[in-house]
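Remarks on the structure that follows.
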Amino acid sequence: MTLRQTPFHQRTAALSEGHAWRRWAGYVVASAYELSHDREYHAIRSSAALFDVSPLYKYMITGRDAARLLDRIVTRDVGKAKVGQVLYTPWCDPEGKVIDDGTISVLADGRYRMTAADPNLRWLHLNAAGLDVKVEEVSEQTAALSLQGPNARAILQNATQQDLASLKYFHLTDAKIRGTPVTISRTGYTGDLGYEIWLDAAQALPVWDALIETGTPHGITPAGMLALDVARIEAGLLLIEVDYFSSKHALIEAQKSSPFELGLGWTVALGKDAFNGKPALVEEKARGPAWQFTGIAVDWDSLERLYAAVGLPPRLPTQAWRTSVPISSGGRQVGYATSGGWSPLLKQYIALAHLEGTFGTPGTAVEMEITVEHHRKRAAARVTKLPFFNPDRKRA
Amino acid sequence: MSAARWGGDAIVIGADVNGLVAAHYLARAGRRVLVLEAGQKADTRPDSGWVPPQLVRELGLTGVRIEQPDPWISAPLDGGERLDLSRDVAKSALAIRRLSNADAAKWPEFCTRMRRLASVLEALYVQPAPDVETREIGELLRMASLGLRVRRLGKQTVIDLLRILPMSIAELLDDWFENDTLKGILGAAGVWHLRQGPRAGGTAFNFLHHHVGSAAGVFRPPRSNISQILTALPGVELRRGVTATVAATSGRATGVRVGGEELSTPLVVSSLDPWTTFEPLQAQLDAEFVRAVRNIKSRSIVVRGTATPARPADYTALCVAPSLDHLERAHDDAKYGRTSARPYVEAVAADGRLDLHVQYAAATDANLVEKVAAVLGLPAGQVRLEAPGGHLYHGELTLDQILFMRPVPGWSRYRTPIAGLYLCGPGTHPGGGIAGAAGRNAARVILKETS
Amino acid sequence: MASPRTYDAIIIGGGHNGLVTAAYLARAGKKVVVLEKRPRVGGAAVTEEVFPGFKFTMFSYVVSLLRPEIIRDLDLPRHGLHVLPLESTVTPMENGDYLAAWGDHDETRRELYRHSPRDAEAYDEYGRLMHFMAQAVKPILAMVPPDPTSFDPRDLFALLRLGKHFRGLGAERLHALFKLMTMSSADFLDEWFETDVLKATKSASGIIGTFLGPRSPGTAYVLLHHYMGELDGVFRAWGFAKGGTGAVSESIASAARGFGAEIRCDAPVARVLVKGGRATGVALENGDEISAKVVVSGLDPRRTFLGLVEEKDLPGEFVADIKRFKFRGSSGKVNLALDALPSFTCMPGIGRQHRGAFSISPSLEYVERAYDDAKYGEFSRRPYMDIVFPSMIDPGMAPPGKHVMSIFVQYAPYNLNGGWTDAKREAFGDAVVNTVEGFAPGFKSHILHRQVITPLDIERITGLSEGNIFQGELALHQLFFMRPAAGWAKFRTPVRAYYQCGAGTHPGGGIMGASGRLAALAILGDGA
């Protein structure tokens, strides 16, 4: 048996030069199309990159109590959201620990699309007990593309009649691309100007072709997960199973995180009626979270010195890494970084990290472990506010 | 919706024995209590099961009659004869001797050993279930003292307890006896109100559960008029014909809903079964809690009824379960969702009528009435069976649904995730077949927690 | 023979537990002799060339539970042990469809999703829970059970520690553990899944070696018992030993010999010599007497106490307990030599599915009905079966191009109505073969040879009482400090210097070796 192929596979497979693939939720997706992901990364920040994000889990939630169900599950106030709005939100178990994060699109009154990184059908069903609501998984039927970068609007505007200039950040609109009905949301996982396009899987290829055609003059570049990983670290965006563990997968308590500990305190609407984890989150808010999720910027001079000591110039990770790296202060470990890498745009070695209590305050001097020629060293680093990169065009 | 205020302190939903016991305990502590009962008429049937003496004493009840027929059971034998088992252990042994010398010889010791185990259960039943997760010193001491108490009954009792509780009644009886009629009589008590056969693990516990409150050598629960006494006892207001559900907002009970009206009160005590109690509150409960409540096994397989024979029966109580295999085969049908081709039938004579217990039945139909009548040797016209309702015990007494697992794990102490709402029915520890113990335990917890 | 007249220890029975005990004792420098009545060691874990060129693991068939510490302590790979993974389980359904579990998580998930999207999700959560439960129970497998009836401070302390361990699990897992200990596998699985065939296949592992059906309380625990193999970092440790399970026994025997133990085959023991309440040695059936400081029996409790020693040497209550100990062998084995692999209707052709197991458990009702037959003393007309093709995993098991097929069958009650006869054995074999034929038409024409083994055959050949492969049912009241009898679960016996080390002691069952190891540690702890 082979892995499942996305609705765009015919196109993406033809583009793959290095045959670098990876698994995502049981699907096969490109790590990079070209032999190196450099150009794909730069397209995100300088022109436009096209990602196949079809493997995301997608659920359609409809019915009189649809908002009630979602409000019971997620931390943000879904009842308050207007039609056409998209909410990014985590959701918690009854102890206030994060199960997953994703987006909720308000498609119409009583009609929502939820995306998730993990399967959540069972959790939705369990919580729907006693409510007048229908939960359907539409992961397979729905194809999804993400077009990210400064030229994204121009490309998409050429492909559709719908006026995109008025489409605000984290809002969506119905549109047609080459006659195919799609939903366009101004969302993404790069922290840049960008859109995600949701459509019937059966119409996937013509829409891909239309975007490539209209996008080519604007430098559209199909891009893989390696490029995306660098961009999402620059944008300070979390990745499940890398930066945090779903409380459903965690083997011990210490592996679980609350939204406050993940820098998602802004998503927790404690003012709304009872939702999963609310009592625990109320308490935690009063107490203050035990951990902070922040950026770490490694001091270049320190890095250079460590390498110079063994007679080498600094060696930089060519890809974003996803391992746990100790962060210390005054010789004591005060946290750990979970993803990191070299930002080609910022010319900085950056990482996302969990730090104990007050060590998470921006500007705090810490040290990050680096292996220099087989020896563990500590490079000076500074706690940095997230995101590392936040261009005005993202919201403009 | 108008919120009519109830001026009192607490509302109890359900005027069954546990609801009434809880209500009276609260009333005696000075609370003003209203009891709401859906049924129009009081249930005049005798209560089955042990009445903890503490309850009679503490509520100052008078006129309580606790009865056990003597012989407590008879079973038909081939050739028109009968095996009569009496309260007198020696007399029973003599009767058994006609069937098996070996069994007769073992009978007295069996009775003593079982009685000793039942006394352990009695001690467990008049207090909330031990909290196995506790780290509180008081609760740990209570558990330790229970443990010591059991140990003082002797090493053999400890071994029996550990060995027998998880066993099947068939294995237990096969260890002791050889006669099928005797094993059928005893085995029947092991499957009472369970959708399981006598070969299922845990049925030995169910057997002991139904031995609680009886003298050594009597393996059917006593019957009493405790509900009638409690109904007549002044001190609480009782309204019949009122179907009430719990009302709550933001995880706190606000009162009860009756029709479109809400009677507000800070304390609601429900003797209804857990699912009926929680169903209207699902949206306010943790999904996992709702799942646990939904998962309570309460598969009703007993049909009760009455027979009105033209001539009074010439027995006090009759058990038609001629062997363990008979019970097992009756259960096989139930396993696949059918009514037993040859059900187990028991009849207790009372005031000229026979109170019937029929197991395993998926539905009450004419066919079943005829079968039961045939078993009892009566014309079908003299047998009336009730439609099967919910599970009488609000949850089967299987090993995974007793003590701290009852009604659901983590919520065995009458409290619920809805503040101000307590359970007190047979769905809670110690379960059905014990008259009023759950109500008493619940009231004591409530009084401690809501002083 | 240059063997000493007096040994430190005599091990009666060269089954895998006896061999493990011997190896550990020898490793500690003791002079040890193993006495095996058959011409080869292994007991129920033997590989034999039943038909020329075709080798069979006669009674047991897969290895999952062999404790990794034993593999490490005895350096078994050096002695030839190699466990090859069994990668999949395919359950043919009556409607021609199938349910498959593959080695790859994504693939299994996709397969389950086809049957029920909700079950596909529940499966992961269920797996995690069982992983935890197995972890929670693991320390218990590795401990000598305390005696709850004793007032010995050491026992009380051990009980307290046990209590603490359980409380440390947290409420949710503690509750799940209680449920597992008490529920039927069908009820337990009902709380998780909706797909019947999934529940049937999962629950089947809860009935193996028991005389219970999927709806019988207590089977959920056996479910867990079989999950245990997936611990210790060896996920998917269900496997097949190269050379059959006999190779497991041979490797342990080789390790034992390496430590200086002596192993004598064709040496049946008649009785244990007891003087003044103390075991002093054994008498062989040929009349020879061998003396030793301690005597260890690897036989099941019935033969250990009611066969090898006299009742008068034992307390009356203890004898009663042992007499009550339930064996009730319920499984049989059909071994086939094939000229070609069978093609199953649900997944036609020959392929990777043959490298895994086929579970004939198409629905819960199917398995339950198989049990109904046995309950009343008949073998299942349509039995539950676990089928593997050892020659697909280890080609050495059959001549090139030919195959061996191992069918574990349940239920075949030891106490068959009217007793087992040659005709009944063949009728049982026919029921098995015909049921398989229903799922793989044409399969019968590929059968070259057939060997049918009933519980009575198992008893006759290996000596295991009532043919129970676990030396006693894995029922709740026969586990932990009740195995084999309350107060005597610490490998000692009422006869001084007489020990027990078979699967009839804690933790029992499966090719696990834990009983043998714990027994050796207890014996060494007593300063033998």
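If you're wondering about the labels, chains in the structure tokens are A, B, ... by order shown, residues count from 1 in each chain, ligands from 1 in order shown.
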Report task. Apply DSSP to the backbone of this structure and, from region 242-353 of chain B, keep only the residues in strand (DSSP E); write these as a ChimeraX atom specification. Result -> /B:244-249,252-258,261-264,267-270,302-307,317-320,344-350,353
**Report entry** chain A contacts on chain C, only C-alpha atoms, 10 Å, as a list in words
**Finding:**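 Applying the cut-off to the listed atoms yields Asp104, His105, Asp106, Glu107, Thr108, Arg109, Arg110, Pro117, Arg118, Asp119, Ala120, Glu121, Ala122, Asp124, Glu125, Arg128, Leu129, His131 and Phe132 of chain C.
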Those residues with N, CA and C atoms, as an mmCIF file, in the first residue's frame please?
```cif
data_model
loop_
_atom_site.group_PDB
_atom_site.id
_atom_site.type_symbol
_atom_site.label_atom_id
_atom_site.label_comp_id
_atom_site.auth_asym_id
_atom_site.auth_seq_id
_atom_site.Cartn_x
_atom_site.Cartn_y
_atom_site.Cartn_z
ATOM 1 N N ASP C 104 2.107 -0.231 9.971
ATOM 2 C CA ASP C 104 2.222 1.219 9.876
ATOM 3 C C ASP C 104 0.981 1.888 10.446
ATOM 4 N N HIS C 105 1.213 2.880 11.291
ATOM 5 C CA HIS C 105 0.116 3.548 11.968
ATOM 6 C C HIS C 105 -0.843 4.220 10.987
ATOM 7 N N ASP C 106 -0.301 4.952 10.019
ATOM 8 C CA ASP C 106 -1.155 5.646 9.052
ATOM 9 C C ASP C 106 -2.023 4.657 8.278
ATOM 10 N N GLU C 107 -1.419 3.552 7.945
ATOM 11 C CA GLU C 107 -2.151 2.568 7.150
ATOM 12 C C GLU C 107 -3.275 1.930 7.966
ATOM 13 N N THR C 108 -2.972 1.621 9.211
ATOM 14 C CA THR C 108 -4.000 1.044 10.077
ATOM 15 C C THR C 108 -5.129 2.037 10.292
ATOM 16 N N ARG C 109 -4.739 3.279 10.503
ATOM 17 C CA ARG C 109 -5.741 4.315 10.728
ATOM 18 C C ARG C 109 -6.669 4.437 9.516
ATOM 19 N N ARG C 110 -6.085 4.404 8.356
ATOM 20 C CA ARG C 110 -6.873 4.529 7.138
ATOM 21 C C ARG C 110 -7.827 3.347 6.981
ATOM 22 N N PRO C 117 -14.955 6.243 11.066
ATOM 23 C CA PRO C 117 -14.037 7.354 11.357
ATOM 24 C C PRO C 117 -13.861 7.552 12.865
ATOM 25 N N ARG C 118 -14.933 7.347 13.621
ATOM 26 C CA ARG C 118 -14.801 7.568 15.066
ATOM 27 C C ARG C 118 -13.926 6.506 15.703
ATOM 28 N N ASP C 119 -14.063 5.279 15.242
ATOM 29 C CA ASP C 119 -13.236 4.218 15.807
ATOM 30 C C ASP C 119 -11.762 4.421 15.479
ATOM 31 N N ALA C 120 -11.511 4.990 14.297
ATOM 32 C CA ALA C 120 -10.115 5.233 13.921
ATOM 33 C C ALA C 120 -9.463 6.145 14.951
ATOM 34 N N GLU C 121 -10.233 7.113 15.434
ATOM 35 C CA GLU C 121 -9.694 8.016 16.452
ATOM 36 C C GLU C 121 -9.635 7.359 17.813
ATOM 37 N N ALA C 122 -10.716 6.656 18.135
ATOM 38 C CA ALA C 122 -10.773 6.009 19.445
ATOM 39 C C ALA C 122 -9.630 4.997 19.583
ATOM 40 N N ASP C 124 -6.578 5.123 18.632
ATOM 41 C CA ASP C 124 -5.340 5.725 19.140
ATOM 42 C C ASP C 124 -5.437 5.973 20.636
ATOM 43 N N GLU C 125 -6.569 6.502 21.062
ATOM 44 C CA GLU C 125 -6.724 6.794 22.492
ATOM 45 C C GLU C 125 -6.743 5.503 23.299
ATOM 46 N N ARG C 128 -3.277 4.160 23.625
ATOM 47 C CA ARG C 128 -2.499 4.885 24.637
ATOM 48 C C ARG C 128 -2.901 4.435 26.037
ATOM 49 N N LEU C 129 -4.202 4.284 26.246
ATOM 50 C CA LEU C 129 -4.678 3.853 27.565
ATOM 51 C C LEU C 129 -4.116 2.471 27.905
ATOM 52 N N HIS C 131 -1.516 1.104 26.777
ATOM 53 C CA HIS C 131 -0.079 1.239 27.008
ATOM 54 C C HIS C 131 0.167 1.628 28.467
ATOM 55 N N PHE C 132 -0.605 2.606 28.942
ATOM 56 C CA PHE C 132 -0.474 3.029 30.333
ATOM 57 C C PHE C 132 -0.811 1.908 31.300
#
```
Determine, using only C-alpha atoms, which residues of chain C have any atom at most 10 Å from an atom of chain B, and tabulate each with its shortest atom pair and distance in Å to one decimal place, rows ordered by chain and then rising number, as CSV.
```
residue,atom,partner,partner_atom,distance
C:Asp147,CA,B:Ile159,CA,10.0
C:Pro148,CA,B:Val158,CA,7.8
C:Thr149,CA,B:Lys155,CA,5.6
C:Ser150,CA,B:Lys155,CA,7.8
C:Phe151,CA,B:Arg151,CA,9.2
C:Gly163,CA,B:Val132,CA,8.8
C:Lys164,CA,B:Glu133,CA,9.6
C:Phe166,CA,B:Glu133,CA,8.7
C:Arg167,CA,B:Glu133,CA,5.7
C:Gly168,CA,B:Glu133,CA,8.7
C:Leu169,CA,B:Glu133,CA,9.4
C:Gly170,CA,B:Glu133,CA,7.6
C:Ala171,CA,B:Glu133,CA,6.4
C:Glu172,CA,B:Gly410,CA,8.1
C:Leu174,CA,B:Glu133,CA,8.3
C:His175,CA,B:Pro409,CA,6.0
C:Ala176,CA,B:Pro409,CA,8.8
C:Leu177,CA,B:Asp400,CA,10.0
C:Phe178,CA,B:Asp400,CA,6.7
C:Lys179,CA,B:Asp400,CA,5.3
C:Leu180,CA,B:Asp400,CA,8.4
C:Met181,CA,B:Asp400,CA,8.2
C:Thr182,CA,B:Asp400,CA,5.5
C:Met183,CA,B:Asp400,CA,6.1
C:Ser184,CA,B:Gly201,CA,8.8
C:Asp187,CA,B:Lys297,CA,8.7
C:Phe188,CA,B:Asn295,CA,9.7
C:Asp190,CA,B:Asn295,CA,8.6
C:Glu191,CA,B:Asn295,CA,6.4
C:Trp192,CA,B:Asn295,CA,9.8
C:Leu212,CA,B:Ala200,CA,8.3
C:Gly213,CA,B:Ala200,CA,9.3
C:Arg215,CA,B:Ala200,CA,8.4
C:Ser216,CA,B:Ala200,CA,5.3
C:Pro217,CA,B:Gly201,CA,5.1
C:Gly218,CA,B:Gly201,CA,6.3
C:Thr219,CA,B:Gly201,CA,9.3
C:Glu317,CA,B:Gln156,CA,9.5
C:Ala320,CA,B:Asp175,CA,9.3
C:Asp321,CA,B:Asp175,CA,9.6
C:Lys323,CA,B:Asp175,CA,9.2
C:Arg324,CA,B:Asp175,CA,6.5
C:Phe325,CA,B:Asp175,CA,9.8
C:Lys326,CA,B:Glu171,CA,9.1
C:Glu365,CA,B:Tyr336,CA,7.8
C:Glu368,CA,B:Lys335,CA,9.0
C:Arg369,CA,B:Asp332,CA,9.1
C:Asp372,CA,B:Asp332,CA,7.7
C:Lys375,CA,B:Arg199,CA,9.1
C:Tyr376,CA,B:Asp325,CA,8.2
C:Ala475,CA,B:Met167,CA,8.3
C:Leu476,CA,B:Pro166,CA,6.3
C:His477,CA,B:Arg163,CA,5.1
C:Gln478,CA,B:Arg163,CA,7.8
C:Leu479,CA,B:Arg163,CA,9.6
C:Phe481,CA,B:Leu162,CA,9.3
C:Met482,CA,B:Arg163,CA,7.2
C:Ala485,CA,B:Ile159,CA,9.2
C:Ala486,CA,B:Ile159,CA,6.3
C:Gly487,CA,B:Ile159,CA,8.4
```
Atoms to include: C-alpha atoms. Write the selected residues as a short mmCIF file (atom, residue, chain, number, x, y, z; two decimals), in the first residue's frame.
```cif
data_model
loop_
_atom_site.label_atom_id
_atom_site.label_comp_id
_atom_site.auth_asym_id
_atom_site.auth_seq_id
_atom_site.Cartn_x
_atom_site.Cartn_y
_atom_site.Cartn_z
CA ASP C 147 0.36 -11.94 51.20
CA PRO C 148 -2.69 -9.90 52.21
CA THR C 149 -3.70 -12.43 54.84
CA SER C 150 -0.44 -12.15 56.68
CA PHE C 151 0.39 -9.82 59.56
CA GLY C 163 -1.39 0.81 47.26
CA LYS C 164 0.87 3.79 46.76
CA PHE C 166 -1.79 2.41 42.28
CA ARG C 167 -2.72 5.74 43.76
CA GLY C 168 0.20 7.25 41.91
CA LEU C 169 -1.47 6.33 38.64
CA GLY C 170 -4.00 9.12 38.99
CA ALA C 171 -7.74 8.78 39.14
CA GLU C 172 -8.46 8.26 35.46
CA LEU C 174 -6.82 3.83 38.30
CA HIS C 175 -10.46 3.64 37.28
CA ALA C 176 -9.56 2.21 33.90
CA LEU C 177 -7.46 -0.41 35.66
CA PHE C 178 -10.34 -1.43 37.90
CA LYS C 179 -12.56 -1.69 34.87
CA LEU C 180 -10.02 -3.82 33.09
CA MET C 181 -9.74 -6.09 36.09
CA THR C 182 -13.46 -6.67 36.35
CA MET C 183 -15.20 -6.22 33.02
CA SER C 184 -15.79 -8.47 30.08
CA ASP C 187 -18.27 -4.55 27.55
CA PHE C 188 -14.93 -2.82 27.88
CA ASP C 190 -18.19 -1.37 23.76
CA GLU C 191 -17.20 1.73 25.69
CA TRP C 192 -14.68 2.55 22.99
CA LEU C 212 -14.59 -17.70 28.97
CA GLY C 213 -16.38 -15.87 26.18
CA ARG C 215 -18.95 -11.33 27.22
CA SER C 216 -17.61 -13.02 30.36
CA PRO C 217 -16.35 -10.62 33.03
CA GLY C 218 -12.65 -10.96 33.64
CA THR C 219 -11.67 -11.24 30.01
CA GLU C 317 -7.07 -26.16 53.33
CA ALA C 320 -8.62 -28.04 48.96
CA ASP C 321 -7.45 -24.80 47.32
CA LYS C 323 -8.08 -29.06 44.05
CA ARG C 324 -10.27 -26.05 43.33
CA PHE C 325 -7.66 -24.45 41.07
CA LYS C 326 -9.20 -24.25 37.62
CA GLU C 365 -21.58 -13.00 18.15
CA GLU C 368 -19.57 -15.77 21.70
CA ARG C 369 -21.39 -18.60 19.96
CA ASP C 372 -21.64 -21.29 23.88
CA LYS C 375 -19.90 -24.13 27.70
CA TYR C 376 -22.12 -27.16 27.23
CA ALA C 475 -9.06 -15.72 35.94
CA LEU C 476 -9.09 -12.85 38.40
CA HIS C 477 -9.39 -15.16 41.39
CA GLN C 478 -6.40 -17.15 40.18
CA LEU C 479 -4.00 -14.26 39.76
CA PHE C 481 -1.54 -13.45 45.47
CA MET C 482 -4.12 -16.09 44.62
CA ALA C 485 -3.42 -20.43 46.26
CA ALA C 486 -3.81 -17.63 48.76
CA GLY C 487 -0.84 -17.48 51.06
#
```
Query - Nearest to Ala215 (chain B), chosen from B:Asp9, B:Glu58, B:Glu346, B:Glu67, with only C-alpha atoms counted in the distances - result: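 Among B:Asp9, B:Glu58, B:Glu346, B:Glu67, it is B:Glu67 that comes nearest to Ala215 (chain B).
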Requested in this report: Specify as a list in words all residues of chain A found within 10 Å of chain B, counting only C-alpha atoms.
Outcome: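 Output check: Arg68, Leu69, Arg72, Ile73, Asp93, Pro94, Trp123, Leu124, His125, Leu126, Asn127, Ala128, Ala129, Gly130, Leu131, Asp273, Ala274, Phe275, Asn276 and Gly277 of chain A.
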N, CA and C atoms of the current selection, written as a PDB file, in the first residue's frame:
```
ATOM      1  N   ARG A  68     -22.840  26.827  19.892  1.00  0.00           N
ATOM      2  CA  ARG A  68     -22.776  26.372  21.285  1.00  0.00           C
ATOM      3  C   ARG A  68     -21.753  25.254  21.440  1.00  0.00           C
ATOM      4  N   LEU A  69     -21.768  24.327  20.475  1.00  0.00           N
ATOM      5  CA  LEU A  69     -20.801  23.231  20.538  1.00  0.00           C
ATOM      6  C   LEU A  69     -19.376  23.772  20.488  1.00  0.00           C
ATOM      7  N   ARG A  72     -18.290  25.496  23.530  1.00  0.00           N
ATOM      8  CA  ARG A  72     -18.021  24.550  24.594  1.00  0.00           C
ATOM      9  C   ARG A  72     -16.627  23.981  24.484  1.00  0.00           C
ATOM     10  N   ILE A  73     -16.153  23.888  23.238  1.00  0.00           N
ATOM     11  CA  ILE A  73     -14.866  23.234  23.006  1.00  0.00           C
ATOM     12  C   ILE A  73     -13.700  24.222  23.023  1.00  0.00           C
ATOM     13  N   ASP A  93      -8.595  20.367  27.196  1.00  0.00           N
ATOM     14  CA  ASP A  93      -9.287  19.295  27.915  1.00  0.00           C
ATOM     15  C   ASP A  93      -9.881  19.912  29.197  1.00  0.00           C
ATOM     16  N   PRO A  94     -10.608  19.123  29.980  1.00  0.00           N
ATOM     17  CA  PRO A  94     -11.241  19.711  31.171  1.00  0.00           C
ATOM     18  C   PRO A  94     -10.244  20.289  32.180  1.00  0.00           C
ATOM     19  N   TRP A 123     -13.803  13.779  19.667  1.00  0.00           N
ATOM     20  CA  TRP A 123     -13.929  14.815  20.699  1.00  0.00           C
ATOM     21  C   TRP A 123     -15.129  15.714  20.391  1.00  0.00           C
ATOM     22  N   LEU A 124     -15.310  16.043  19.126  1.00  0.00           N
ATOM     23  CA  LEU A 124     -16.474  16.851  18.737  1.00  0.00           C
ATOM     24  C   LEU A 124     -17.768  16.105  19.053  1.00  0.00           C
ATOM     25  N   HIS A 125     -17.800  14.831  18.720  1.00  0.00           N
ATOM     26  CA  HIS A 125     -19.002  14.041  18.971  1.00  0.00           C
ATOM     27  C   HIS A 125     -19.286  13.921  20.461  1.00  0.00           C
ATOM     28  N   LEU A 126     -18.251  13.672  21.233  1.00  0.00           N
ATOM     29  CA  LEU A 126     -18.438  13.527  22.679  1.00  0.00           C
ATOM     30  C   LEU A 126     -19.035  14.802  23.270  1.00  0.00           C
ATOM     31  N   ASN A 127     -18.540  15.935  22.780  1.00  0.00           N
ATOM     32  CA  ASN A 127     -19.010  17.203  23.326  1.00  0.00           C
ATOM     33  C   ASN A 127     -20.359  17.614  22.776  1.00  0.00           C
ATOM     34  N   ALA A 128     -20.754  16.982  21.688  1.00  0.00           N
ATOM     35  CA  ALA A 128     -22.030  17.347  21.066  1.00  0.00           C
ATOM     36  C   ALA A 128     -23.215  16.669  21.738  1.00  0.00           C
ATOM     37  N   ALA A 129     -22.948  15.831  22.733  1.00  0.00           N
ATOM     38  CA  ALA A 129     -24.041  15.110  23.395  1.00  0.00           C
ATOM     39  C   ALA A 129     -25.077  16.104  23.908  1.00  0.00           C
ATOM     40  N   GLY A 130     -26.320  15.894  23.537  1.00  0.00           N
ATOM     41  CA  GLY A 130     -27.407  16.736  24.021  1.00  0.00           C
ATOM     42  C   GLY A 130     -27.595  18.020  23.234  1.00  0.00           C
ATOM     43  N   LEU A 131     -26.782  18.221  22.188  1.00  0.00           N
ATOM     44  CA  LEU A 131     -26.918  19.447  21.398  1.00  0.00           C
ATOM     45  C   LEU A 131     -27.508  19.131  20.028  1.00  0.00           C
ATOM     46  N   ASP A 273     -19.496  31.819  28.622  1.00  0.00           N
ATOM     47  CA  ASP A 273     -20.081  30.777  29.477  1.00  0.00           C
ATOM     48  C   ASP A 273     -19.151  29.560  29.545  1.00  0.00           C
ATOM     49  N   ALA A 274     -19.541  28.601  30.343  1.00  0.00           N
ATOM     50  CA  ALA A 274     -18.689  27.436  30.611  1.00  0.00           C
ATOM     51  C   ALA A 274     -18.127  26.822  29.325  1.00  0.00           C
ATOM     52  N   PHE A 275     -16.839  26.523  29.320  1.00  0.00           N
ATOM     53  CA  PHE A 275     -16.228  25.771  28.224  1.00  0.00           C
ATOM     54  C   PHE A 275     -15.183  24.845  28.811  1.00  0.00           C
ATOM     55  N   ASN A 276     -14.743  23.891  28.043  1.00  0.00           N
ATOM     56  CA  ASN A 276     -13.804  22.883  28.546  1.00  0.00           C
ATOM     57  C   ASN A 276     -12.555  23.550  29.110  1.00  0.00           C
ATOM     58  N   GLY A 277     -12.291  23.300  30.345  1.00  0.00           N
ATOM     59  CA  GLY A 277     -11.073  23.810  30.959  1.00  0.00           C
ATOM     60  C   GLY A 277     -11.216  25.167  31.609  1.00  0.00           C
TER      61      GLY A 277
END
```
